[in-house]
Amino acid sequence: MRPLLDELLGDASPVPHHEIEIVLAERIGPAAFDEVVAALAGATDEESRRRLSRVFSRFGAVDRYVEALSHPSARIRGSAAYGIQSACSMAFGREPKPGVDYALLIDALIPLLADPDPDVAQRAEWVLTMLGPGVEGRMRDVRVHGPAHLRSRALTVLAQVGGEEALSSADRAAVERLIRIKVLHEQAQPLDTCSTSWIAVPTGDQRGIVEQLGLFEVRPATFALGLSIGMHDTEDGAEYGRVYVTPEVDGWTLVLGPWCNPGNPERAQDVLRLVTELSRRYGRAQAYYFGEHGGGSSWLVAQGGDVVRRFRSPGTNDDAQFTVGEPLPEERAACVEEGLTPVGDAGADDKEWMELAGYLGTYLAQRLGVSPTDLGPHTTVRGVGAVALTPYAREHGRPLTGAYDI
């Protein structure tokens, strides 16, 4: 066995590492388990740990993984939890592994929620969310009966597997009370969800904006909660049923969520209508989208009930149909800053402009008002932020909830 492990850990082997992993974990199998555990516990460099962990998690030996959850080595405990995840996860519609006592797995993992190694504790939390319906009841037991040092993580797991609906009335009340306390003294923070969509209105009339947009079930929310929900609602596809409404920030109120995207074909016409109506009521209103990592930009600017400009640049063939109005002075200024002939001028290069435009969402928002990505301790904040449901939720159902930062 040792020669195989030496080959796995060395860099001069003519055999690819993944083939050695297969031999150890699948062909030799359980007979190699103890030696792999010993090698992993004694590994002194990260690359060796990574290779051995991959072998360890491929054994599929659930009973041995349960034993290893109490190993003195944090690396072994974390790898054992990951091995259970790989073999027994019921996430994404997977069926339970035949012959496995899931109640035993859950009880074995629960103590690791308070593991002294934060990576192990996090892994245990993730794995518990993947072990099926039996987790909710056990997490409720911990919330009620303890032990006390596990209660906080148990609440997080409970929220992840069942959402807000899985929490007891006492837990929901405690969370709401904590939010009400935090919003009184919090500072603004950047609201950057990697794919960020928002409506911006130059007013502190949050109630009026909520009314104008038809939002409902409005509840207080911190900036951290708004960001956490925004990330949740953009990571696995666009969630149109919920938005975060900021307090007044430097004289503006922002409404964030995929529902606000002015360049999304599903939402473009409705957003155009909403922003136009807001501008009629408040003088001006805008909507933006900015996708990091080449995701493109869109912007919509309205004044006094009229659309001044709408533009989209994600690099697709139907961008032209979204274009309304002439280039803004701020668009032309961005071209000059980049050494380009301003868009709209004779000799301007359309390709260069489209490439630049894909990065202008937050640039234009900042120059025309306030960008959510630029908020911070320097921002003047008045009032309290809120999470609200959109009219989309009335027709299509409430959004799924989960565990969020507050």
# chains A, B, ... in the order shown; residues from 1 in each chain; ligands from 1
>>> residues_around(residues="range 75-80 of chain A", least_positions_apart="5", cutoff="10 Å", atoms="only C-alpha atoms", output="PDB file with N, CA and C atoms, in the first residue's frame")
ATOM      1  N   VAL A  37      -6.121   7.089   6.054  1.00  0.00           N
ATOM      2  CA  VAL A  37      -6.404   7.931   7.215  1.00  0.00           C
ATOM      3  C   VAL A  37      -5.102   8.332   7.906  1.00  0.00           C
ATOM      4  N   ALA A  38      -4.221   7.375   8.131  1.00  0.00           N
ATOM      5  CA  ALA A  38      -2.959   7.667   8.803  1.00  0.00           C
ATOM      6  C   ALA A  38      -2.114   8.639   7.985  1.00  0.00           C
ATOM      7  N   LEU A  40      -3.208  10.823   5.783  1.00  0.00           N
ATOM      8  CA  LEU A  40      -3.844  12.136   5.778  1.00  0.00           C
ATOM      9  C   LEU A  40      -3.611  12.851   7.098  1.00  0.00           C
ATOM     10  N   ALA A  41      -3.712  12.148   8.200  1.00  0.00           N
ATOM     11  CA  ALA A  41      -3.482  12.759   9.510  1.00  0.00           C
ATOM     12  C   ALA A  41      -2.056  13.263   9.647  1.00  0.00           C
ATOM     13  N   GLY A  42      -1.107  12.579   8.990  1.00  0.00           N
ATOM     14  CA  GLY A  42       0.294  12.972   9.113  1.00  0.00           C
ATOM     15  C   GLY A  42       0.802  13.870   8.007  1.00  0.00           C
ATOM     16  N   ALA A  43      -0.022  14.186   7.027  1.00  0.00           N
ATOM     17  CA  ALA A  43       0.417  15.015   5.899  1.00  0.00           C
ATOM     18  C   ALA A  43       0.801  16.412   6.380  1.00  0.00           C
ATOM     19  N   ARG A  49      -2.407  16.860   1.454  1.00  0.00           N
ATOM     20  CA  ARG A  49      -3.709  16.749   2.114  1.00  0.00           C
ATOM     21  C   ARG A  49      -4.835  16.704   1.082  1.00  0.00           C
ATOM     22  N   ARG A  50      -4.726  17.535   0.062  1.00  0.00           N
ATOM     23  CA  ARG A  50      -5.771  17.595  -0.951  1.00  0.00           C
ATOM     24  C   ARG A  50      -5.896  16.266  -1.693  1.00  0.00           C
ATOM     25  N   LEU A  52      -4.906  13.231  -0.699  1.00  0.00           N
ATOM     26  CA  LEU A  52      -5.369  12.175   0.201  1.00  0.00           C
ATOM     27  C   LEU A  52      -6.843  12.355   0.562  1.00  0.00           C
ATOM     28  N   SER A  53      -7.273  13.597   0.703  1.00  0.00           N
ATOM     29  CA  SER A  53      -8.689  13.842   1.008  1.00  0.00           C
ATOM     30  C   SER A  53      -9.587  13.356  -0.118  1.00  0.00           C
ATOM     31  N   ARG A  54      -9.125  13.524  -1.348  1.00  0.00           N
ATOM     32  CA  ARG A  54      -9.918  13.051  -2.484  1.00  0.00           C
ATOM     33  C   ARG A  54     -10.084  11.538  -2.430  1.00  0.00           C
ATOM     34  N   VAL A  55      -8.998  10.825  -2.105  1.00  0.00           N
ATOM     35  CA  VAL A  55      -9.091   9.368  -1.970  1.00  0.00           C
ATOM     36  C   VAL A  55     -10.043   9.010  -0.835  1.00  0.00           C
ATOM     37  N   PHE A  56      -9.857   9.661   0.287  1.00  0.00           N
ATOM     38  CA  PHE A  56     -10.642   9.362   1.482  1.00  0.00           C
ATOM     39  C   PHE A  56     -12.143   9.510   1.212  1.00  0.00           C
ATOM     40  N   SER A  57     -12.516  10.582   0.526  1.00  0.00           N
ATOM     41  CA  SER A  57     -13.933  10.844   0.303  1.00  0.00           C
ATOM     42  C   SER A  57     -14.545   9.943  -0.769  1.00  0.00           C
ATOM     43  N   GLY A  60     -16.617   5.783   0.094  1.00  0.00           N
ATOM     44  CA  GLY A  60     -18.044   5.493   0.246  1.00  0.00           C
ATOM     45  C   GLY A  60     -18.362   4.631   1.453  1.00  0.00           C
ATOM     46  N   ALA A  61     -17.419   4.524   2.378  1.00  0.00           N
ATOM     47  CA  ALA A  61     -17.589   3.659   3.554  1.00  0.00           C
ATOM     48  C   ALA A  61     -18.268   4.460   4.659  1.00  0.00           C
ATOM     49  N   VAL A  62     -19.578   4.503   4.640  1.00  0.00           N
ATOM     50  CA  VAL A  62     -20.316   5.405   5.524  1.00  0.00           C
ATOM     51  C   VAL A  62     -20.048   5.098   6.993  1.00  0.00           C
ATOM     52  N   ARG A  64     -17.439   3.794   8.386  1.00  0.00           N
ATOM     53  CA  ARG A  64     -16.090   4.231   8.753  1.00  0.00           C
ATOM     54  C   ARG A  64     -16.008   5.756   8.818  1.00  0.00           C
ATOM     55  N   TYR A  65     -16.758   6.440   7.947  1.00  0.00           N
ATOM     56  CA  TYR A  65     -16.792   7.901   8.014  1.00  0.00           C
ATOM     57  C   TYR A  65     -17.375   8.364   9.349  1.00  0.00           C
ATOM     58  N   VAL A  66     -18.430   7.684   9.802  1.00  0.00           N
ATOM     59  CA  VAL A  66     -19.042   8.054  11.085  1.00  0.00           C
ATOM     60  C   VAL A  66     -18.022   7.903  12.205  1.00  0.00           C
ATOM     61  N   GLU A  67     -17.263   6.825  12.197  1.00  0.00           N
ATOM     62  CA  GLU A  67     -16.210   6.634  13.210  1.00  0.00           C
ATOM     63  C   GLU A  67     -15.188   7.766  13.136  1.00  0.00           C
ATOM     64  N   ALA A  68     -14.847   8.177  11.918  1.00  0.00           N
ATOM     65  CA  ALA A  68     -13.796   9.182  11.730  1.00  0.00           C
ATOM     66  C   ALA A  68     -14.232  10.590  12.113  1.00  0.00           C
ATOM     67  N   LEU A  69     -15.533  10.802  12.309  1.00  0.00           N
ATOM     68  CA  LEU A  69     -16.001  12.133  12.717  1.00  0.00           C
ATOM     69  C   LEU A  69     -15.451  12.539  14.081  1.00  0.00           C
ATOM     70  N   SER A  70     -14.995  11.582  14.880  1.00  0.00           N
ATOM     71  CA  SER A  70     -14.430  11.893  16.200  1.00  0.00           C
ATOM     72  C   SER A  70     -12.904  11.807  16.207  1.00  0.00           C
ATOM     73  N   GLN A  85     -21.243  13.392   2.844  1.00  0.00           N
ATOM     74  CA  GLN A  85     -21.954  14.212   1.860  1.00  0.00           C
ATOM     75  C   GLN A  85     -21.931  13.559   0.481  1.00  0.00           C
ATOM     76  N   SER A  86     -20.753  13.100   0.059  1.00  0.00           N
ATOM     77  CA  SER A  86     -20.617  12.497  -1.264  1.00  0.00           C
ATOM     78  C   SER A  86     -21.442  11.231  -1.406  1.00  0.00           C
ATOM     79  N   LEU A 109     -23.292  13.915  13.188  1.00  0.00           N
ATOM     80  CA  LEU A 109     -22.779  15.182  12.663  1.00  0.00           C
ATOM     81  C   LEU A 109     -23.101  16.370  13.553  1.00  0.00           C
ATOM     82  N   LEU A 112     -20.449  18.244  15.566  1.00  0.00           N
ATOM     83  CA  LEU A 112     -19.452  18.970  14.781  1.00  0.00           C
ATOM     84  C   LEU A 112     -19.886  20.393  14.448  1.00  0.00           C
ATOM     85  N   ASP A 115     -17.575  22.349  16.294  1.00  0.00           N
ATOM     86  CA  ASP A 115     -16.182  21.908  16.213  1.00  0.00           C
ATOM     87  C   ASP A 115     -15.228  23.088  16.395  1.00  0.00           C
ATOM     88  N   ASP A 117     -12.530  23.636  14.962  1.00  0.00           N
ATOM     89  CA  ASP A 117     -12.036  24.063  13.656  1.00  0.00           C
ATOM     90  C   ASP A 117     -13.218  24.628  12.855  1.00  0.00           C
ATOM     91  N   PRO A 118     -13.181  25.910  12.483  1.00  0.00           N
ATOM     92  CA  PRO A 118     -14.341  26.504  11.800  1.00  0.00           C
ATOM     93  C   PRO A 118     -14.664  25.859  10.463  1.00  0.00           C
ATOM     94  N   ASP A 119     -13.646  25.346   9.774  1.00  0.00           N
ATOM     95  CA  ASP A 119     -13.909  24.686   8.498  1.00  0.00           C
ATOM     96  C   ASP A 119     -14.691  23.393   8.693  1.00  0.00           C
ATOM     97  N   VAL A 120     -14.379  22.672   9.748  1.00  0.00           N
ATOM     98  CA  VAL A 120     -15.111  21.434  10.044  1.00  0.00           C
ATOM     99  C   VAL A 120     -16.551  21.768  10.424  1.00  0.00           C
ATOM    100  N   ALA A 121     -16.734  22.785  11.272  1.00  0.00           N
ATOM    101  CA  ALA A 121     -18.083  23.186  11.667  1.00  0.00           C
ATOM    102  C   ALA A 121     -18.910  23.596  10.452  1.00  0.00           C
ATOM    103  N   GLN A 122     -18.293  24.333   9.532  1.00  0.00           N
ATOM    104  CA  GLN A 122     -19.002  24.748   8.327  1.00  0.00           C
ATOM    105  C   GLN A 122     -19.367  23.553   7.460  1.00  0.00           C
ATOM    106  N   ARG A 123     -18.442  22.616   7.328  1.00  0.00           N
ATOM    107  CA  ARG A 123     -18.721  21.426   6.529  1.00  0.00           C
ATOM    108  C   ARG A 123     -19.868  20.622   7.146  1.00  0.00           C
ATOM    109  N   ALA A 124     -19.864  20.483   8.458  1.00  0.00           N
ATOM    110  CA  ALA A 124     -20.949  19.747   9.118  1.00  0.00           C
ATOM    111  C   ALA A 124     -22.286  20.427   8.859  1.00  0.00           C
TER     112      ALA A 124
END
>>> residues_around(residues="range 386-401 of chain A", least_positions_apart="6", cutoff="9 Å", atoms="only C-alpha atoms", output="ChimeraX atom specification")
/A:159-160,162-165,210,213-223,225-226,229,232-233,239-247,259
>>> select_by_dssp(residues="range 62-196 of chain A", states="helix (DSSP H, G or I)", output="PyMOL selection string")
chain A and resi 62-68+74-88+91-93+102-114+118-128+134-145+148-162+164-166+169-182
>>> closest_atom_pairs(of="range 182-205 of chain A", to="range 360-380 of chain A", cutoff="7 Å", atoms="only C-alpha atoms", output="Markdown table")
| residue | atom | partner | partner_atom | distance |
| --- | --- | --- | --- | --- |
| A:Gln187 | CA | A:Pro377 | CA | 5.6 |
| A:Ala188 | CA | A:Gly376 | CA | 4.8 |
| A:Gln189 | CA | A:Gly376 | CA | 4.4 |
| A:Pro190 | CA | A:Thr373 | CA | 4.6 |
| A:Leu191 | CA | A:Pro372 | CA | 5.1 |
| A:Asp192 | CA | A:Thr373 | CA | 5.3 |
>>> closest_residue(among="A:Ala174, A:Val157, A:Ala74, A:Leu272", to="Gln303 in chain A", atoms="only C-alpha atoms")
A:Leu272
>>> decode(residues="range 235-248 of chain A", atoms="all heavy atoms", output="PDB file, in the first residue's frame")
ATOM      1  N   GLU A 235     -28.261  34.032  -7.518  1.00  0.00           N
ATOM      2  CA  GLU A 235     -27.286  32.960  -7.746  1.00  0.00           C
ATOM      3  C   GLU A 235     -27.849  31.809  -8.568  1.00  0.00           C
ATOM      4  O   GLU A 235     -27.173  31.280  -9.440  1.00  0.00           O
ATOM      5  CB  GLU A 235     -26.772  32.432  -6.405  1.00  0.00           C
ATOM      6  CG  GLU A 235     -25.760  33.362  -5.758  1.00  0.00           C
ATOM      7  CD  GLU A 235     -25.250  32.818  -4.437  1.00  0.00           C
ATOM      8  OE1 GLU A 235     -25.804  31.814  -3.955  1.00  0.00           O
ATOM      9  OE2 GLU A 235     -24.301  33.406  -3.885  1.00  0.00           O
ATOM     10  N   ASP A 236     -29.058  31.395  -8.300  1.00  0.00           N
ATOM     11  CA  ASP A 236     -29.635  30.214  -8.964  1.00  0.00           C
ATOM     12  C   ASP A 236     -30.776  30.608  -9.901  1.00  0.00           C
ATOM     13  O   ASP A 236     -31.835  30.001  -9.914  1.00  0.00           O
ATOM     14  CB  ASP A 236     -30.131  29.207  -7.920  1.00  0.00           C
ATOM     15  CG  ASP A 236     -29.006  28.697  -7.041  1.00  0.00           C
ATOM     16  OD1 ASP A 236     -27.927  28.426  -7.594  1.00  0.00           O
ATOM     17  OD2 ASP A 236     -29.198  28.580  -5.829  1.00  0.00           O
ATOM     18  N   GLY A 237     -30.534  31.647 -10.689  1.00  0.00           N
ATOM     19  CA  GLY A 237     -31.593  32.154 -11.555  1.00  0.00           C
ATOM     20  C   GLY A 237     -32.268  33.349 -10.916  1.00  0.00           C
ATOM     21  O   GLY A 237     -32.138  33.599  -9.714  1.00  0.00           O
ATOM     22  N   ALA A 238     -32.984  34.122 -11.698  1.00  0.00           N
ATOM     23  CA  ALA A 238     -33.585  35.360 -11.214  1.00  0.00           C
ATOM     24  C   ALA A 238     -34.847  35.086 -10.398  1.00  0.00           C
ATOM     25  O   ALA A 238     -35.763  34.428 -10.874  1.00  0.00           O
ATOM     26  CB  ALA A 238     -33.905  36.268 -12.398  1.00  0.00           C
ATOM     27  N   GLU A 239     -34.874  35.609  -9.183  1.00  0.00           N
ATOM     28  CA  GLU A 239     -36.060  35.544  -8.336  1.00  0.00           C
ATOM     29  C   GLU A 239     -36.760  36.903  -8.414  1.00  0.00           C
ATOM     30  O   GLU A 239     -36.245  37.903  -7.922  1.00  0.00           O
ATOM     31  CB  GLU A 239     -35.669  35.229  -6.887  1.00  0.00           C
ATOM     32  CG  GLU A 239     -36.796  35.370  -5.867  1.00  0.00           C
ATOM     33  CD  GLU A 239     -37.994  34.525  -6.228  1.00  0.00           C
ATOM     34  OE1 GLU A 239     -37.911  33.287  -6.100  1.00  0.00           O
ATOM     35  OE2 GLU A 239     -39.018  35.101  -6.656  1.00  0.00           O
ATOM     36  N   TYR A 240     -37.927  36.933  -9.058  1.00  0.00           N
ATOM     37  CA  TYR A 240     -38.643  38.192  -9.271  1.00  0.00           C
ATOM     38  C   TYR A 240     -39.622  38.523  -8.149  1.00  0.00           C
ATOM     39  O   TYR A 240     -40.247  39.578  -8.176  1.00  0.00           O
ATOM     40  CB  TYR A 240     -39.428  38.129 -10.582  1.00  0.00           C
ATOM     41  CG  TYR A 240     -38.593  37.896 -11.816  1.00  0.00           C
ATOM     42  CD1 TYR A 240     -39.031  37.027 -12.815  1.00  0.00           C
ATOM     43  CD2 TYR A 240     -37.370  38.531 -11.988  1.00  0.00           C
ATOM     44  CE1 TYR A 240     -38.280  36.802 -13.952  1.00  0.00           C
ATOM     45  CE2 TYR A 240     -36.611  38.314 -13.124  1.00  0.00           C
ATOM     46  CZ  TYR A 240     -37.068  37.443 -14.102  1.00  0.00           C
ATOM     47  OH  TYR A 240     -36.318  37.232 -15.232  1.00  0.00           O
ATOM     48  N   GLY A 241     -39.765  37.654  -7.169  1.00  0.00           N
ATOM     49  CA  GLY A 241     -40.812  37.837  -6.176  1.00  0.00           C
ATOM     50  C   GLY A 241     -40.436  38.667  -4.978  1.00  0.00           C
ATOM     51  O   GLY A 241     -41.282  38.903  -4.102  1.00  0.00           O
ATOM     52  N   ARG A 242     -39.179  39.157  -4.901  1.00  0.00           N
ATOM     53  CA  ARG A 242     -38.737  39.830  -3.682  1.00  0.00           C
ATOM     54  C   ARG A 242     -37.710  40.897  -4.017  1.00  0.00           C
ATOM     55  O   ARG A 242     -36.915  40.749  -4.948  1.00  0.00           O
ATOM     56  CB  ARG A 242     -38.136  38.776  -2.750  1.00  0.00           C
ATOM     57  CG  ARG A 242     -37.547  39.303  -1.471  1.00  0.00           C
ATOM     58  CD  ARG A 242     -37.196  38.151  -0.546  1.00  0.00           C
ATOM     59  NE  ARG A 242     -36.436  37.101  -1.225  1.00  0.00           N
ATOM     60  CZ  ARG A 242     -36.266  35.878  -0.755  1.00  0.00           C
ATOM     61  NH1 ARG A 242     -36.821  35.529   0.383  1.00  0.00           N
ATOM     62  NH2 ARG A 242     -35.554  34.983  -1.410  1.00  0.00           N
ATOM     63  N   VAL A 243     -37.708  41.994  -3.261  1.00  0.00           N
ATOM     64  CA  VAL A 243     -36.722  43.059  -3.426  1.00  0.00           C
ATOM     65  C   VAL A 243     -36.290  43.563  -2.064  1.00  0.00           C
ATOM     66  O   VAL A 243     -36.982  43.369  -1.051  1.00  0.00           O
ATOM     67  CB  VAL A 243     -37.274  44.242  -4.252  1.00  0.00           C
ATOM     68  CG1 VAL A 243     -37.459  43.865  -5.711  1.00  0.00           C
ATOM     69  CG2 VAL A 243     -38.561  44.785  -3.648  1.00  0.00           C
ATOM     70  N   TYR A 244     -35.146  44.224  -2.053  1.00  0.00           N
ATOM     71  CA  TYR A 244     -34.686  44.955  -0.873  1.00  0.00           C
ATOM     72  C   TYR A 244     -34.793  46.436  -1.179  1.00  0.00           C
ATOM     73  O   TYR A 244     -34.310  46.896  -2.223  1.00  0.00           O
ATOM     74  CB  TYR A 244     -33.246  44.587  -0.543  1.00  0.00           C
ATOM     75  CG  TYR A 244     -32.618  45.480   0.514  1.00  0.00           C
ATOM     76  CD1 TYR A 244     -33.164  45.571   1.795  1.00  0.00           C
ATOM     77  CD2 TYR A 244     -31.481  46.232   0.232  1.00  0.00           C
ATOM     78  CE1 TYR A 244     -32.594  46.385   2.764  1.00  0.00           C
ATOM     79  CE2 TYR A 244     -30.900  47.046   1.196  1.00  0.00           C
ATOM     80  CZ  TYR A 244     -31.464  47.121   2.459  1.00  0.00           C
ATOM     81  OH  TYR A 244     -30.903  47.929   3.407  1.00  0.00           O
ATOM     82  N   VAL A 245     -35.456  47.183  -0.291  1.00  0.00           N
ATOM     83  CA  VAL A 245     -35.613  48.628  -0.439  1.00  0.00           C
ATOM     84  C   VAL A 245     -34.731  49.295   0.607  1.00  0.00           C
ATOM     85  O   VAL A 245     -34.906  49.073   1.812  1.00  0.00           O
ATOM     86  CB  VAL A 245     -37.078  49.054  -0.253  1.00  0.00           C
ATOM     87  CG1 VAL A 245     -37.241  50.545  -0.559  1.00  0.00           C
ATOM     88  CG2 VAL A 245     -38.009  48.221  -1.131  1.00  0.00           C
ATOM     89  N   THR A 246     -33.760  50.087   0.167  1.00  0.00           N
ATOM     90  CA  THR A 246     -32.843  50.709   1.116  1.00  0.00           C
ATOM     91  C   THR A 246     -33.547  51.818   1.889  1.00  0.00           C
ATOM     92  O   THR A 246     -34.577  52.342   1.465  1.00  0.00           O
ATOM     93  CB  THR A 246     -31.633  51.333   0.393  1.00  0.00           C
ATOM     94  OG1 THR A 246     -32.071  52.482  -0.367  1.00  0.00           O
ATOM     95  CG2 THR A 246     -30.939  50.335  -0.502  1.00  0.00           C
ATOM     96  N   PRO A 247     -32.967  52.215   3.031  1.00  0.00           N
ATOM     97  CA  PRO A 247     -33.359  53.493   3.599  1.00  0.00           C
ATOM     98  C   PRO A 247     -32.876  54.608   2.654  1.00  0.00           C
ATOM     99  O   PRO A 247     -32.270  54.318   1.618  1.00  0.00           O
ATOM    100  CB  PRO A 247     -32.609  53.530   4.938  1.00  0.00           C
ATOM    101  CG  PRO A 247     -31.444  52.605   4.746  1.00  0.00           C
ATOM    102  CD  PRO A 247     -31.892  51.556   3.774  1.00  0.00           C
ATOM    103  N   GLU A 248     -33.115  55.837   2.993  1.00  0.00           N
ATOM    104  CA  GLU A 248     -32.603  56.931   2.179  1.00  0.00           C
ATOM    105  C   GLU A 248     -31.076  56.960   2.278  1.00  0.00           C
ATOM    106  O   GLU A 248     -30.518  56.987   3.381  1.00  0.00           O
ATOM    107  CB  GLU A 248     -33.170  58.266   2.647  1.00  0.00           C
ATOM    108  CG  GLU A 248     -32.717  59.444   1.799  1.00  0.00           C
ATOM    109  CD  GLU A 248     -33.258  60.764   2.321  1.00  0.00           C
ATOM    110  OE1 GLU A 248     -34.213  60.746   3.114  1.00  0.00           O
ATOM    111  OE2 GLU A 248     -32.701  61.811   1.946  1.00  0.00           O
TER     112      GLU A 248
END
